[in-house]
Amino acid sequence: MKQLYFWLLLAISLPAQASECTGAPFSASFLQPLTSDLERSADSWEATLQSIAGVGIDTLYLQWSVYGELDLSREPGISFLSIWLDQAHANGLRVNLGLVADADFGSRITDPADALAAYLAGLRERSLAAADRLKARLGDHPAFVGWYLSEEIDDRSWTHPWQVDLLREHLSSLTSLLAELSPEKPVSISTYVSGAQPPAQFERLWRALWSAAPQLHVLLQDGAGVGTVARPDFNEYALRVNNIAARTNRYWGIIVELFSQQSGPPLDDAPFSAQAAPINRMLQQLAAVEALDPGPNEVIAFSVPEYLLDPAKPGQAELLNEYRRRYCGP
């Protein structure tokens, strides 16, 4: 009760920061926490969060709480996260907390049936355990508004009916148990296409998954940063998801990628590297979103902290300057 009283006082005493970018095309952004982030000062984080809010973002998707050695659901990570959420709230930001991201997910989902079932059950158990810890400590925090499932659903791996059945069971069970834990908080997940499945098959996949987990918020990555699918082809996939959502009253969003990949899979075997996208490409991405009718419930950037605001990223200054010119006040 004392924690809840403190956060209520915080909500009253620390008003949200006003954004200069009232015409911003994005309402949300992803943020990928790193172990090194726990070492950053409160002042450094305050400046970052204020800058994020200043370009029109009001919602953050924390991509994971547990990844490798990073665990924000246990000490000292959870104390860091508590203070970080205070700062996010003070800057008018709402946060969806990611759960467990497993670096082996991409390889394990190609396992045979019994092994895949066991793997998904174990991943579910780990995510629910992390959610339990986060809920116990931060469940009443006003900045915490939803959960994010860190597993990304691709169009290559879920091709056989038995694989789809296992994924249906996984998502249905996980979303149901998270709804019992936090009834008022939605659960989101992202998906992407590589062209491995034709649009009609991808549509059938998500019809099946959404029927098993109807309350799931589905966020479709537009793939422009990697460029494995041509824009006209991607638009057909987006149209299929849009049509399912419109006909069945489902919630969905589009993730607009603000980067251009320079190296790393699937381009090559080098470490991943990327630069900020050119403004003209971003405008083309946004035009494709605007052409959808009725369109997504939200448009999410990947990611504002990394590619719009980080001066260490090549091309960032040009993208930010043009972004401010178009969407922000003088």
# chains A, B, ... in the order shown; residues from 1 in each chain; ligands from 1
>>> residues_around(residues="A:Leu81", least_positions_apart="5", cutoff="9 Å", atoms="only C-alpha atoms", output="ChimeraX atom specification")
/A:38,72-73,76,86,138
>>> write_last_selection(atoms="N, CA, C and O atoms", output="compact mmCIF listing (two decimals), in the first residue's frame")
# COMPACT_ATOMS: atom_id res chain seq x y z
N LEU A 38 22.47 -0.85 -16.76
CA LEU A 38 22.36 -0.77 -15.31
C LEU A 38 23.44 0.13 -14.70
O LEU A 38 23.29 0.61 -13.57
N LEU A 72 16.18 -8.36 -15.35
CA LEU A 72 15.54 -7.23 -14.68
C LEU A 72 14.41 -7.67 -13.76
O LEU A 72 13.77 -6.83 -13.14
N SER A 73 14.19 -8.97 -13.66
CA SER A 73 13.15 -9.47 -12.76
C SER A 73 13.72 -9.86 -11.40
O SER A 73 12.99 -10.26 -10.50
N PRO A 76 20.18 -7.17 -8.99
CA PRO A 76 19.87 -5.75 -8.80
C PRO A 76 19.03 -5.16 -9.93
O PRO A 76 18.67 -4.00 -9.89
N ASP A 86 9.98 4.85 -12.72
CA ASP A 86 9.65 6.16 -12.15
C ASP A 86 10.01 7.28 -13.12
O ASP A 86 9.23 8.23 -13.33
N LEU A 138 6.32 -4.68 -9.18
CA LEU A 138 6.00 -3.49 -9.98
C LEU A 138 4.58 -3.49 -10.54
O LEU A 138 4.24 -2.61 -11.34
>>> closest_atom_pairs(of="stretch 55-148 of chain A", to="stretch 211-217 of chain A", cutoff="12 Å", atoms="only C-alpha atoms", output="CSV")
residue,atom,partner,partner_atom,distance
A:Asn96,CA,A:His217,CA,11.6
A:Gly146,CA,A:His217,CA,10.3
A:Trp147,CA,A:His217,CA,9.9
A:Tyr148,CA,A:His217,CA,9.1
>>> closest_residue(among="A:Ser157, A:Asn91, A:Ala103, A:Leu49", to="A:Gly68", atoms="only C-alpha atoms")
A:Ala103
>>> residues_around(residues="stretch 306-320 of chain A", least_positions_apart="6", cutoff="9 Å", atoms="only C-alpha atoms", output="ChimeraX atom specification")
/A:31-32,48,51-52,258-259,274-279
>>> residues_around(residues="A:Ala288", least_positions_apart="3", cutoff="12 Å", atoms="only C-alpha atoms", output="list in words")
Asp222, Ala224, Arg231, Pro232, Asp233, Phe234, Asn235, Glu236, Tyr237, Ala238, Leu239, Ile254, Val256, Arg281, Met282, Leu283, Gln284, Gln285, Ala291, Leu292, Asp293, Gly295, Pro296 and Val299 of chain A
